[in-house]
Structure formats: structure tokens, C-alpha cells
>>> print(open('upload-v2.tsv').read())   # TSV, C-alpha atoms
chain	number	residue	atom	x	y	z
A	1	MET	CA	-79.93	53.08	-92.92
A	2	LYS	CA	-78.09	53.02	-89.64
A	3	THR	CA	-79.65	49.65	-88.82
A	4	LYS	CA	-78.55	48.24	-92.14
A	5	THR	CA	-75.05	49.58	-91.56
A	6	LYS	CA	-74.94	47.94	-88.14
A	7	ILE	CA	-76.04	44.61	-89.63
A	8	ILE	CA	-73.33	44.82	-92.30
A	9	ALA	CA	-70.74	45.76	-89.69
A	10	ALA	CA	-71.82	42.90	-87.44
A	11	ALA	CA	-71.66	40.47	-90.33
A	12	ALA	CA	-68.18	41.72	-91.19
A	13	LEU	CA	-67.05	41.27	-87.58
A	14	ILE	CA	-68.46	37.73	-87.53
A	15	ALA	CA	-66.66	36.93	-90.78
A	16	ILE	CA	-63.40	38.32	-89.39
A	17	ALA	CA	-63.86	36.36	-86.16
A	18	ALA	CA	-64.57	33.16	-88.10
A	19	ALA	CA	-61.49	33.69	-90.25
A	20	ALA	CA	-59.39	34.31	-87.15
A	21	ALA	CA	-60.75	31.17	-85.50
A	22	ALA	CA	-59.99	29.12	-88.61
A	23	ALA	CA	-56.49	30.54	-88.74
A	24	CYS	CA	-56.04	29.72	-85.06
A	25	VAL	CA	-57.13	26.12	-85.61
A	26	LYS	CA	-54.82	25.80	-88.59
A	27	LYS	CA	-51.94	27.22	-86.58
A	28	CYS	CA	-52.58	24.75	-83.78
A	29	LYS	CA	-52.35	21.90	-86.27
A	30	GLU	CA	-49.04	23.09	-87.67
A	31	ARG	CA	-45.71	23.92	-86.13
A	32	SER	CA	-44.95	27.60	-85.71
A	33	ASP	CA	-42.17	27.26	-88.29
A	34	GLY	CA	-44.62	26.04	-90.91
A	35	ARG	CA	-43.59	22.38	-90.84
A	36	LYS	CA	-45.87	19.47	-90.03
A	37	ILE	CA	-46.24	18.21	-86.48
A	38	THR	CA	-43.90	15.23	-86.11
A	39	ILE	CA	-44.99	11.95	-84.54
A	40	ASN	CA	-42.46	9.19	-83.94
A	41	MET	CA	-44.15	5.80	-83.49
A	42	ARG	CA	-42.13	3.45	-81.29
A	43	SER	CA	-43.04	-0.24	-81.24
A	44	GLN	CA	-41.71	-3.78	-81.05
A	45	ALA	CA	-45.20	-5.25	-81.48
A	46	THR	CA	-44.43	-6.92	-84.80
A	47	SER	CA	-41.37	-8.79	-83.48
A	48	VAL	CA	-43.62	-11.66	-82.31
A	49	PRO	CA	-46.06	-12.81	-85.04
A	50	GLY	CA	-49.72	-13.50	-84.32
A	51	GLN	CA	-50.31	-10.84	-81.68
A	52	GLY	CA	-53.25	-8.44	-81.88
A	53	VAL	CA	-51.01	-5.66	-80.60
A	54	GLY	CA	-48.92	-5.93	-83.75
A	55	SER	CA	-51.99	-5.82	-85.97
A	56	ALA	CA	-53.34	-2.80	-84.09
A	57	TYR	CA	-49.99	-1.02	-84.47
A	58	MET	CA	-49.80	-1.54	-88.22
A	59	GLU	CA	-53.40	-0.43	-88.75
A	60	GLN	CA	-53.09	2.67	-86.56
A	61	VAL	CA	-49.88	3.88	-88.21
A	62	ALA	CA	-51.28	3.29	-91.69
A	63	LEU	CA	-54.48	5.14	-90.78
A	64	VAL	CA	-52.66	8.24	-89.49
A	65	LYS	CA	-50.28	8.33	-92.44
A	66	GLU	CA	-53.06	7.95	-94.98
A	67	THR	CA	-55.72	10.25	-93.54
A	68	LEU	CA	-53.75	12.84	-91.54
A	69	GLY	CA	-50.58	13.11	-93.56
A	70	ASP	CA	-51.30	16.71	-94.54
A	71	ARG	CA	-50.78	17.85	-90.93
A	72	PHE	CA	-48.64	15.17	-89.28
A	73	ARG	CA	-45.34	13.69	-90.39
A	74	VAL	CA	-45.18	10.14	-89.07
A	75	THR	CA	-41.95	8.22	-88.61
A	76	GLU	CA	-41.39	4.77	-87.12
A	77	ASN	CA	-38.72	3.76	-84.61
A	78	LYS	CA	-36.42	6.71	-85.31
A	79	HIS	CA	-33.98	8.20	-82.82
A	80	TYR	CA	-34.82	11.91	-82.65
A	81	ARG	CA	-36.90	14.37	-80.66
A	82	ALA	CA	-40.30	14.50	-82.29
A	83	ASP	CA	-43.14	16.77	-81.24
A	84	ILE	CA	-44.99	13.63	-80.11
A	85	THR	CA	-43.42	10.27	-79.32
A	86	HIS	CA	-46.04	7.52	-79.31
A	87	TYR	CA	-44.98	4.32	-77.53
A	88	HIS	CA	-47.07	1.37	-78.68
A	89	THR	CA	-45.29	-1.19	-76.50
A	90	ILE	CA	-43.79	-1.01	-73.01
A	91	SER	CA	-40.29	-2.13	-73.99
A	92	PRO	CA	-37.73	-1.28	-71.25
A	93	GLN	CA	-35.40	0.55	-73.64
A	94	TYR	CA	-38.19	3.02	-74.40
A	95	LEU	CA	-38.41	4.03	-70.77
A	96	LEU	CA	-34.64	4.58	-70.71
A	97	LEU	CA	-34.64	6.54	-73.98
A	98	LYS	CA	-37.75	8.59	-73.20
A	99	PRO	CA	-35.90	11.57	-71.57
A	100	PHE	CA	-33.82	11.95	-74.73
A	101	GLU	CA	-36.54	11.23	-77.31
A	102	ALA	CA	-39.54	12.94	-75.76
A	103	GLY	CA	-37.79	15.37	-73.44
A	104	LYS	CA	-39.00	18.54	-75.18
A	105	GLY	CA	-42.11	17.10	-76.76
A	106	ALA	CA	-45.00	15.00	-75.48
A	107	SER	CA	-45.07	11.28	-74.76
A	108	VAL	CA	-48.05	9.04	-75.46
A	109	GLY	CA	-48.37	5.46	-74.21
A	110	TYR	CA	-50.69	2.84	-75.69
A	111	VAL	CA	-52.38	0.64	-73.09
A	112	HIS	CA	-52.81	-2.87	-74.52
A	113	LEU	CA	-52.42	-4.79	-71.28
A	114	LEU	CA	-52.71	-4.51	-67.52
A	115	PRO	CA	-51.60	-6.88	-64.74
A	116	GLU	CA	-54.99	-8.59	-64.68
A	117	THR	CA	-54.85	-9.36	-68.43
A	118	VAL	CA	-51.31	-10.76	-68.22
A	119	GLU	CA	-52.18	-12.89	-65.19
A	120	THR	CA	-54.21	-15.32	-67.29
A	121	SER	CA	-51.96	-15.27	-70.37
A	122	ILE	CA	-48.50	-16.36	-69.28
A	123	SER	CA	-47.07	-18.42	-66.42
A	124	LEU	CA	-44.30	-16.59	-64.58
A	125	PRO	CA	-42.75	-17.13	-61.15
A	126	LYS	CA	-44.35	-14.98	-58.47
A	127	PHE	CA	-41.33	-12.69	-58.07
A	128	ALA	CA	-41.09	-12.18	-61.85
A	129	ARG	CA	-44.78	-11.28	-62.10
A	130	LYS	CA	-44.43	-8.78	-59.27
A	131	ILE	CA	-41.50	-7.03	-60.95
A	132	PHE	CA	-43.20	-7.05	-64.38
A	133	TYR	CA	-46.45	-5.59	-63.03
A	134	TRP	CA	-44.56	-2.90	-61.13
A	135	TYR	CA	-42.65	-1.95	-64.27
A	136	MET	CA	-45.81	-1.93	-66.41
A	137	ILE	CA	-47.58	0.59	-64.19
A	138	LYS	CA	-44.39	2.66	-63.84
A	139	PHE	CA	-44.15	2.86	-67.63
A	140	TYR	CA	-47.74	4.05	-67.97
A	141	ALA	CA	-47.33	6.55	-65.15
A	142	SER	CA	-44.27	8.05	-66.87
A	143	MET	CA	-46.30	9.01	-69.97
A	144	ASP	CA	-47.83	12.44	-70.46
A	145	TYR	CA	-50.89	10.84	-72.04
A	146	LEU	CA	-52.30	7.35	-72.41
A	147	VAL	CA	-54.61	5.85	-75.03
A	148	THR	CA	-56.74	2.77	-74.40
A	149	VAL	CA	-58.88	0.89	-76.90
A	150	ASN	CA	-61.60	0.23	-74.33
A	151	PRO	CA	-63.17	2.91	-72.07
A	152	TYR	CA	-63.42	0.30	-69.30
A	153	PHE	CA	-59.66	0.53	-68.78
A	154	ILE	CA	-59.78	4.23	-67.94
A	155	GLY	CA	-61.22	3.27	-64.56
A	156	ARG	CA	-58.74	0.43	-64.14
A	157	LEU	CA	-55.81	2.78	-64.79
A	158	GLU	CA	-57.25	5.19	-62.24
A	159	HIS	CA	-57.25	2.30	-59.77
A	160	TYR	CA	-53.48	2.09	-60.31
A	161	GLY	CA	-53.09	5.78	-59.49
A	162	ILE	CA	-53.14	7.26	-63.01
A	163	PRO	CA	-55.52	10.27	-63.23
A	164	ARG	CA	-58.54	9.71	-65.46
A	165	GLU	CA	-57.94	12.94	-67.40
A	166	ARG	CA	-54.62	11.61	-68.73
A	167	THR	CA	-56.28	8.69	-70.51
A	168	THR	CA	-58.21	8.87	-73.80
A	169	TYR	CA	-60.34	6.17	-75.39
A	170	ILE	CA	-59.79	5.60	-79.11
A	171	PRO	CA	-61.00	2.30	-80.60
A	172	ASN	CA	-59.07	-0.02	-82.86
A	173	TYR	CA	-59.55	0.17	-86.60
A	174	VAL	CA	-59.26	-2.34	-89.43
A	175	SER	CA	-58.81	-1.51	-93.11
A	176	SER	CA	-61.70	-2.66	-95.30
A	177	GLU	CA	-59.22	-2.87	-98.17
A	178	LYS	CA	-57.43	-5.70	-96.36
A	179	PHE	CA	-60.48	-7.34	-94.80
A	180	HIS	CA	-63.70	-7.75	-96.77
A	181	PRO	CA	-66.23	-10.39	-97.86
A	182	LEU	CA	-65.32	-12.64	-100.78
A	183	PRO	CA	-67.61	-14.26	-103.41
A	184	LYS	CA	-69.07	-17.65	-102.51
A	185	GLU	CA	-67.04	-19.43	-105.19
A	186	GLU	CA	-63.82	-18.02	-103.75
A	187	LYS	CA	-64.85	-19.07	-100.24
A	188	MET	CA	-65.34	-22.66	-101.37
A	189	ARG	CA	-61.94	-22.66	-103.09
A	190	LEU	CA	-60.33	-21.40	-99.89
A	191	ARG	CA	-61.97	-24.14	-97.86
A	192	GLU	CA	-60.32	-26.67	-100.11
A	193	LYS	CA	-57.00	-24.84	-99.69
A	194	TYR	CA	-57.16	-25.19	-95.89
A	195	GLY	CA	-58.60	-28.70	-95.89
A	196	ILE	CA	-62.07	-27.58	-94.76
A	197	PRO	CA	-65.15	-29.45	-96.10
A	198	THR	CA	-67.23	-27.32	-98.47
A	199	ASP	CA	-70.55	-28.81	-97.30
A	200	LYS	CA	-70.19	-28.20	-93.54
A	201	PHE	CA	-71.13	-25.33	-91.23
A	202	VAL	CA	-67.76	-23.84	-90.29
A	203	VAL	CA	-66.95	-22.05	-87.02
A	204	VAL	CA	-63.72	-20.05	-87.06
A	205	CYS	CA	-61.67	-18.55	-84.25
A	206	ALA	CA	-58.46	-16.53	-84.38
A	207	GLY	CA	-56.13	-15.86	-81.49
A	208	GLN	CA	-53.20	-17.11	-79.48
A	209	LEU	CA	-53.45	-20.67	-78.19
A	210	GLN	CA	-53.94	-20.15	-74.46
A	211	VAL	CA	-56.43	-20.86	-71.69
A	212	ARG	CA	-57.56	-17.20	-71.48
A	213	LYS	CA	-58.79	-17.31	-75.07
A	214	GLY	CA	-61.24	-20.08	-74.16
A	215	PHE	CA	-59.41	-22.78	-76.11
A	216	PHE	CA	-60.66	-25.65	-73.97
A	217	ASP	CA	-64.28	-24.51	-74.26
A	218	PHE	CA	-63.74	-24.33	-78.03
A	219	LEU	CA	-62.36	-27.87	-77.92
A	220	LYS	CA	-65.23	-29.20	-75.80
A	221	ILE	CA	-67.85	-27.64	-78.09
A	222	ALA	CA	-66.14	-29.16	-81.15
A	223	GLU	CA	-66.28	-32.57	-79.47
A	224	GLU	CA	-69.99	-32.08	-78.71
A	225	MET	CA	-70.81	-30.97	-82.28
A	226	PRO	CA	-69.13	-33.41	-84.69
A	227	ASP	CA	-71.45	-32.30	-87.52
A	228	MET	CA	-69.75	-28.88	-87.63
A	229	VAL	CA	-66.14	-27.97	-88.42
A	230	PHE	CA	-64.17	-25.82	-85.95
A	231	ALA	CA	-61.06	-24.03	-87.24
A	232	TRP	CA	-58.60	-22.11	-85.03
A	233	ALA	CA	-55.97	-19.82	-86.57
A	234	GLY	CA	-53.12	-19.02	-84.19
A	235	ASP	CA	-50.38	-20.60	-82.13
A	236	PHE	CA	-48.22	-20.02	-79.04
A	237	SER	CA	-46.83	-16.48	-79.11
A	238	PHE	CA	-45.04	-16.90	-75.77
A	239	GLY	CA	-43.83	-20.47	-76.15
A	240	ALA	CA	-43.57	-22.71	-73.11
A	241	ILE	CA	-44.52	-19.96	-70.63
A	242	THR	CA	-47.99	-19.75	-72.21
A	243	ASP	CA	-50.70	-20.66	-69.72
A	244	GLY	CA	-51.88	-24.21	-70.49
A	245	TYR	CA	-48.97	-24.93	-72.82
A	246	LYS	CA	-48.53	-28.66	-72.07
A	247	GLU	CA	-52.25	-29.42	-72.13
A	248	ILE	CA	-52.75	-27.60	-75.43
A	249	CYS	CA	-49.74	-29.34	-76.97
A	250	ALA	CA	-51.37	-32.68	-76.12
A	251	VAL	CA	-54.51	-31.60	-78.02
A	252	LYS	CA	-52.41	-30.48	-81.00
A	253	GLU	CA	-50.90	-33.94	-81.25
A	254	ASP	CA	-54.29	-35.67	-81.44
A	255	PRO	CA	-57.16	-33.22	-82.12
A	256	PRO	CA	-60.76	-34.29	-82.82
A	257	GLU	CA	-61.40	-34.94	-86.52
A	258	ASN	CA	-63.61	-31.85	-86.86
A	259	LEU	CA	-61.11	-29.50	-85.14
A	260	LYS	CA	-58.66	-27.88	-87.54
A	261	LEU	CA	-55.71	-26.20	-85.86
A	262	LEU	CA	-54.37	-24.05	-88.67
A	263	GLY	CA	-51.33	-22.69	-86.84
A	264	MET	CA	-49.91	-19.22	-87.29
A	265	ILE	CA	-51.41	-17.55	-90.35
A	266	PRO	CA	-49.68	-14.48	-91.86
A	267	ARG	CA	-51.85	-11.41	-91.40
A	268	ASP	CA	-51.98	-10.87	-95.15
A	269	ASP	CA	-53.84	-14.19	-95.38
A	270	MET	CA	-56.21	-13.74	-92.44
A	271	ASN	CA	-59.01	-12.38	-94.63
A	272	GLU	CA	-59.14	-15.86	-96.16
A	273	ILE	CA	-59.65	-17.43	-92.73
A	274	TYR	CA	-62.67	-15.28	-91.84
A	275	ASN	CA	-64.19	-15.91	-95.26
A	276	ILE	CA	-64.03	-19.71	-94.95
A	277	GLY	CA	-66.15	-19.44	-91.81
A	278	ASP	CA	-69.90	-19.17	-91.38
A	279	VAL	CA	-69.44	-17.73	-87.87
A	280	MET	CA	-66.61	-16.11	-85.92
A	281	PHE	CA	-66.66	-17.60	-82.40
A	282	LEU	CA	-64.26	-16.27	-79.73
A	283	PRO	CA	-64.97	-17.78	-76.27
A	284	SER	CA	-62.25	-15.68	-74.60
A	285	PHE	CA	-62.58	-15.05	-70.87
A	286	GLU	CA	-60.73	-11.72	-70.94
A	287	GLU	CA	-60.10	-9.14	-73.65
A	288	LEU	CA	-59.55	-5.45	-74.30
A	289	PHE	CA	-60.77	-5.01	-77.88
A	290	PRO	CA	-59.72	-7.97	-80.05
A	291	MET	CA	-58.62	-7.00	-83.54
A	292	THR	CA	-59.97	-10.36	-84.70
A	293	ILE	CA	-63.53	-9.22	-83.99
A	294	LEU	CA	-63.16	-6.11	-86.15
A	295	GLU	CA	-61.51	-8.16	-88.89
A	296	ALA	CA	-64.32	-10.73	-88.87
A	297	MET	CA	-66.93	-7.95	-88.98
A	298	CYS	CA	-65.29	-6.75	-92.18
A	299	ALA	CA	-65.98	-10.19	-93.65
A	300	ASN	CA	-69.67	-9.74	-92.74
A	301	ILE	CA	-70.13	-12.98	-90.77
A	302	PRO	CA	-72.01	-13.25	-87.43
A	303	ILE	CA	-69.96	-12.82	-84.27
A	304	LEU	CA	-70.47	-15.04	-81.19
A	305	LEU	CA	-68.63	-14.07	-78.00
A	306	ARG	CA	-68.61	-14.79	-74.31
A	307	ASP	CA	-70.79	-12.26	-72.49
A	308	LEU	CA	-68.14	-9.98	-70.95
A	309	ASP	CA	-68.84	-6.59	-69.35
A	310	ILE	CA	-65.87	-5.14	-71.20
A	311	TYR	CA	-67.67	-5.56	-74.55
A	312	ASN	CA	-70.76	-3.56	-73.56
A	313	ASP	CA	-69.35	-0.11	-74.36
A	314	ILE	CA	-67.58	-1.07	-77.59
A	315	LEU	CA	-69.62	-3.78	-79.33
A	316	PHE	CA	-73.15	-2.78	-78.29
A	317	ASP	CA	-75.57	-5.06	-80.17
A	318	PHE	CA	-73.20	-6.00	-82.98
A	319	TYR	CA	-72.76	-9.59	-81.76
A	320	TYR	CA	-74.42	-12.63	-80.18
A	321	ARG	CA	-73.38	-13.54	-76.66
A	322	GLU	CA	-73.51	-16.47	-74.26
A	323	THR	CA	-71.91	-17.53	-70.97
A	324	SER	CA	-71.55	-21.32	-71.02
A	325	VAL	CA	-70.62	-24.26	-73.23
A	326	GLU	CA	-74.28	-25.28	-73.39
A	327	GLY	CA	-75.29	-21.75	-74.36
A	328	PHE	CA	-72.66	-21.58	-77.10
A	329	ILE	CA	-73.83	-24.92	-78.51
A	330	ASN	CA	-77.44	-23.70	-78.64
A	331	GLU	CA	-76.39	-20.45	-80.34
A	332	LEU	CA	-74.34	-22.26	-82.98
A	333	LYS	CA	-77.21	-24.63	-83.73
A	334	LYS	CA	-79.57	-21.67	-84.05
A	335	LEU	CA	-77.18	-19.86	-86.39
A	336	ARG	CA	-76.92	-22.96	-88.56
A	337	ASP	CA	-80.62	-23.85	-88.65
A	338	ASN	CA	-82.46	-20.51	-88.45
A	339	LYS	CA	-81.88	-18.46	-91.60
A	340	ALA	CA	-83.54	-15.33	-90.21
A	341	TYR	CA	-81.41	-15.49	-87.05
A	342	TYR	CA	-78.27	-15.95	-89.14
A	343	ALA	CA	-79.22	-13.01	-91.40
A	344	ALA	CA	-79.72	-10.80	-88.33
A	345	GLY	CA	-76.21	-11.74	-87.20
A	346	VAL	CA	-74.79	-10.76	-90.58
A	347	GLU	CA	-76.64	-7.43	-90.45
A	348	ALA	CA	-75.32	-6.75	-86.94
A	349	SER	CA	-71.77	-7.46	-88.09
A	350	ILE	CA	-72.17	-5.08	-91.04
A	351	ARG	CA	-73.40	-2.35	-88.68
A	352	GLY	CA	-70.43	-2.93	-86.40
A	353	ASN	CA	-68.05	-2.63	-89.31
A	354	ALA	CA	-69.67	0.64	-90.40
A	355	PHE	CA	-69.56	2.07	-86.87
A	356	TYR	CA	-65.78	1.75	-86.68
A	357	SER	CA	-65.23	3.46	-90.00
A	358	LYS	CA	-61.95	4.96	-91.14
A	359	GLU	CA	-63.31	8.52	-91.02
A	360	HIS	CA	-64.68	8.19	-87.48
A	361	VAL	CA	-61.51	6.75	-85.93
A	362	ALA	CA	-59.20	9.05	-87.93
A	363	GLY	CA	-61.11	12.06	-86.61
A	364	MET	CA	-60.53	10.88	-83.04
A	365	TRP	CA	-56.78	10.58	-83.66
A	366	ASP	CA	-56.69	14.02	-85.29
A	367	GLU	CA	-58.37	15.60	-82.29
A	368	PHE	CA	-56.19	13.72	-79.81
A	369	TYR	CA	-52.80	14.43	-81.42
A	370	THR	CA	-53.73	18.10	-81.89
A	371	LYS	CA	-54.63	18.38	-78.21
A	372	VAL	CA	-51.38	16.68	-77.17
A	373	TYR	CA	-49.31	19.01	-79.35
A	374	GLU	CA	-51.06	22.14	-78.09
A	375	SER	CA	-50.57	21.17	-74.43
A	376	SER	CA	-46.84	20.53	-74.89
A	377	ARG	CA	-46.08	23.99	-76.24
>>> encode(input="upload-v2.tsv", output="C-alpha cells")
Amino acid sequence: MKTKTKIIAAAALIAIAAAAAAACVKKCKERSDGRKITINMRSQATSVPGQGVGSAYMEQVALVKETLGDRFRVTENKHYRADITHYHTISPQYLLLKPFEAGKGASVGYVHLLPETVETSISLPKFARKIFYWYMIKFYASMDYLVTVNPYFIGRLEHYGIPRERTTYIPNYVSSEKFHPLPKEEKMRLREKYGIPTDKFVVVCAGQLQVRKGFFDFLKIAEEMPDMVFAWAGDFSFGAITDGYKEICAVKEDPPENLKLLGMIPRDDMNEIYNIGDVMFLPSFEELFPMTILEAMCANIPILLRDLDIYNDILFDFYYRETSVEGFINELKKLRDNKAYYAAGVEASIRGNAFYSKEHVAGMWDEFYTKVYESSR
């Protein structure tokens, strides 16, 4: 009888402890006054159209509002002291306002670029680059916490003197409601809309027109493969200071017949672009975690990328890879002619889309914001 009593007592203690733990967790996810934890998102990413940073911002804010709204109250570009102020861009005014906006709360900085990624994107005088790079690192160093979309950049930030423990990896996310495969009949109609032949193998790319994105390799491959159609959605986001601006402008004036430069496409229409393609091909030389890859995966088409180390920890085996113009040409021919190889590429893209699911990424943000709030109290 005594043994049974002890078992009951132990079970009761365990139940009490579990209830206390649950209450503790709930308390940590709420303010002590019973209100939701406030997060003020600060960004100017959407001021320049066609940038992946802007797409990432809109998706991240929508994800947190939709999935975590029961615990966090999210505002955008407000002037008040929130529990957490999340800076999505490194705008100078944010650094000036930070003591007033995030003085009593916690500040979070989003790392979308580093000096080495800017170096090959825009052409600036040497003195201007030096000042910009100094400011960029100063901005990151001023944050309580940093978030990067690629774990590779945790080490790079450490190289710039920012402790590894202050940086958290959380991948990008794309809504499957906005990006998804369309029926074949709709795809053919869209090809006609954009002036794309319905009977050709179509290779699509999306990104800013610049050397870093591999534009001239894309151009050379199009010239070498006149039996395929190559379509590029995007334009100059930085105008005349874009690296390779004059040379690319010359191509725009007289492109090969099978190269379709579609210009800047509104994000609401980008699902159409991926669906007119048979393959998404991005020959970029340097990236963090392109939103265009996630978007194309949602459309369930094979992905072909340059073989970059930075993709290894985020894209795994979800894509085909090559290193040279000749290699890309061989891959594209194989994707067109080998049905089994093409089907394997579709399956890999579907797996990649499933891996970066809404629930998975939302859970990472929940855990991160909760930790940030707890540490600031």
C-alpha cells in the first residue's frame, strides 16, 4: 500500500512539475503584463523593386504574422519601443534611431550582404567602398543578435569580429499559396503571353542583371544552344553603378533571337515566369540563399546552379550543379533529352520545397524570438 501511495505521489509531483514547466514556457512567450510580445519590423527593402531582400522581407513578416500571431504582435516601420526591433536592412537612419527604438528592448539585424558580396555587385570608387564596408560591419556589430539565411556566413561574420554565438541561422521561406505549379494548358497560355514558343525547351532565370549573377555565361550558353529558349526576368536594381552595366545594356539592345530579356516582373506575377520554364538555371558566381531558387522549387521544375560551396549546407541534393559553360550545356541537353533524368530533377525540387516548409521555418522563428525576448528581460 505504501508503495502504491509513493507511486501516486510521484505521479502527482511529475504532473505538478509538468504543469509548472508549461506555465513557465507560456510566461516566457508572453509579456508579464499579459500582452503579446511586440516585434517592430524595420525595412526599406521594398523601395527598390526586383531585389531578393525585399521578397525575403515580405515573406518573413507574413509568416510570423500568420503562424505566430497568437504570441507576437508584429508591426512594420513604426516609431516606438518594441520588445524586439528587427532591422531587415542596414539603412543609416536605423543606426541613428536604434538607441531610441530598441533602447530598452532587443535589437535583431538581418544579414543579407557582406563586403565580399557587394564587391561583385556594384561599382563604387575605392574610398566609397571602404566607407560602406566599414559602416556595414559597424551596423551588424551594434545589434544584440544577428540572423543569416546561410550558416556559412556565421563564420564570415566571426571573421569580422562578431562572436559566433550572436548569430543564428534561419533559412528563407516562400509561400506555396503564391508560388505553385500550374496546369500544362495554363503554362502554354503564359508562354504565348510572354512571347515564348510553346514547342521549345525553355530555360528561365530570375535575378538582377549583373556580372555576379552569371549573365554573360547565360548569354554565351544561349548563343551556343539556339534550339532552346532562354528567358531572364529582372533588370538593373542599382542603375549605372551596376557591375557590367554598359556591356549588359549593349546586349539588351541586340540580344540573340532565342534570348528573351523580360525586364522587371512584379513579384505577384513571378509564379508565371517559373511555370513557363522547363528548368530554372541560375549561373550566379556568388549568393547567400536566393529567393528565386525557393520560388522555382515551389513550381516543381528542376534547378541547375553553379557548384558553389555556399549551397552545400542549404540545398543538399535538391539541385543539379556544374562549374563551366560546357558543363551547363551538357546538363541542359541531358535535362531536355533524358526523361528519367528530368523526372529526378523534378522530384529533387519537390523535396527541397517540402524541406523548407512553413511549419519548419515558423518554428525556428518562434524559438529565436522567444530566446531574444527572454534574454532582454
>>> closest_residue(input="upload-v2.tsv", among="A:Leu261, A:Ile39, A:Ala222, A:Ala343", to="Ile273 (chain A)", atoms="all atoms listed in the file")
A:Leu261
>>> atom_distance(input="upload-v2.tsv", atom1="CA of Glu367 (chain A)", atom2="CA of His88 (chain A)")
18.5 Å
>>> atom_distance(input="upload-v2.tsv", atom1="CA of Asp235 (chain A)", atom2="CA of Met297 (chain A)")
21.9 Å
>>> residues_around(input="upload-v2.tsv", residues="region 348-358 of chain A", least_positions_apart="2", cutoff="6 Å", atoms="all atoms listed in the file", output="list in words")
Met297, Cys298, Asn300, Pro302, Phe318, Gly345, Val346, His360, Val361 and Ala362 of chain A
>>> residues_around(input="upload-v2.tsv", residues="Lys98 (chain A)", least_positions_apart="3", cutoff="12 Å", atoms="all atoms listed in the file", output="VMD selection string")
chain A and resid 40 42 79 to 82 84 to 87 90 to 95 101 to 109 139 142 to 144
>>> residues_around(input="upload-v2.tsv", residues="Ala233 (chain A)", least_positions_apart="5", cutoff="8 Å", atoms="all atoms listed in the file", output="ChimeraX atom specification")
/A:204-207,261-265,273
>>> residues_around(input="upload-v2.tsv", residues="region 195-203 of chain A", least_positions_apart="6", cutoff="7 Å", atoms="all atoms listed in the file", output="PyMOL selection string")
chain A and resi 188+228-231+277-281+336
>>> atom_distance(input="upload-v2.tsv", atom1="CA of Ile241 (chain A)", atom2="CA of Tyr110 (chain A)")
24.2 Å
>>> residues_around(input="upload-v2.tsv", residues="Asn330 (chain A)", least_positions_apart="6", cutoff="12 Å", atoms="only C-alpha atoms", output="list in words")
Ile221, Glu224, Met225, Leu304, Tyr320, Arg321, Glu322, Thr323, Ser324, Arg336, Asp337 and Asn338 of chain A
>>> closest_residue(input="upload-v2.tsv", among="A:Leu182, A:Asp227, A:Lys246, A:Phe153", to="Asp313 (chain A)", atoms="only C-alpha atoms")
A:Phe153
>>> decode(input="upload-v2.tsv", residues="region 255-270 of chain A", atoms="N, CA and C atoms", output="mmCIF file, in the first residue's frame")
data_model
loop_
_atom_site.group_PDB
_atom_site.id
_atom_site.type_symbol
_atom_site.label_atom_id
_atom_site.label_comp_id
_atom_site.auth_asym_id
_atom_site.auth_seq_id
_atom_site.Cartn_x
_atom_site.Cartn_y
_atom_site.Cartn_z
ATOM 1 N N PRO A 255 19.828 41.478 -78.485
ATOM 2 C CA PRO A 255 20.026 40.135 -77.920
ATOM 3 C C PRO A 255 19.882 39.057 -78.994
ATOM 4 N N PRO A 256 20.436 37.867 -78.751
ATOM 5 C CA PRO A 256 20.200 36.743 -79.660
ATOM 6 C C PRO A 256 18.697 36.470 -79.748
ATOM 7 N N GLU A 257 18.271 35.879 -80.863
ATOM 8 C CA GLU A 257 16.843 35.658 -81.097
ATOM 9 C C GLU A 257 16.212 34.768 -80.034
ATOM 10 N N ASN A 258 16.987 33.829 -79.499
ATOM 11 C CA ASN A 258 16.431 32.879 -78.517
ATOM 12 C C ASN A 258 16.632 33.333 -77.073
ATOM 13 N N LEU A 259 17.091 34.573 -76.860
ATOM 14 C CA LEU A 259 17.248 35.123 -75.517
ATOM 15 C C LEU A 259 16.174 36.174 -75.281
ATOM 16 N N LYS A 260 15.288 35.903 -74.340
ATOM 17 C CA LYS A 260 14.200 36.816 -74.019
ATOM 18 C C LYS A 260 14.506 37.535 -72.702
ATOM 19 N N LEU A 261 14.771 38.819 -72.796
ATOM 20 C CA LEU A 261 15.006 39.626 -71.600
ATOM 21 C C LEU A 261 13.676 40.267 -71.219
ATOM 22 N N LEU A 262 13.054 39.710 -70.189
ATOM 23 C CA LEU A 262 11.685 40.069 -69.847
ATOM 24 C C LEU A 262 11.562 41.342 -69.026
ATOM 25 N N GLY A 263 12.700 41.840 -68.517
ATOM 26 C CA GLY A 263 12.661 43.043 -67.701
ATOM 27 C C GLY A 263 12.170 42.760 -66.294
ATOM 28 N N MET A 264 11.857 43.825 -65.572
ATOM 29 C CA MET A 264 11.403 43.695 -64.193
ATOM 30 C C MET A 264 9.958 43.178 -64.165
ATOM 31 N N ILE A 265 9.780 42.044 -63.519
ATOM 32 C CA ILE A 265 8.451 41.438 -63.405
ATOM 33 C C ILE A 265 7.935 41.630 -61.978
ATOM 34 N N PRO A 266 6.723 42.158 -61.803
ATOM 35 C CA PRO A 266 6.166 42.295 -60.443
ATOM 36 C C PRO A 266 6.162 40.946 -59.727
ATOM 37 N N ARG A 267 6.427 40.951 -58.439
ATOM 38 C CA ARG A 267 6.527 39.688 -57.721
ATOM 39 C C ARG A 267 5.225 38.892 -57.787
ATOM 40 N N ASP A 268 4.116 39.568 -57.863
ATOM 41 C CA ASP A 268 2.836 38.864 -57.946
ATOM 42 C C ASP A 268 2.714 38.048 -59.231
ATOM 43 N N ASP A 269 3.539 38.372 -60.221
ATOM 44 C CA ASP A 269 3.495 37.652 -61.498
ATOM 45 C C ASP A 269 4.645 36.665 -61.664
ATOM 46 N N MET A 270 5.533 36.573 -60.696
ATOM 47 C CA MET A 270 6.718 35.737 -60.868
ATOM 48 C C MET A 270 6.391 34.243 -60.921
#
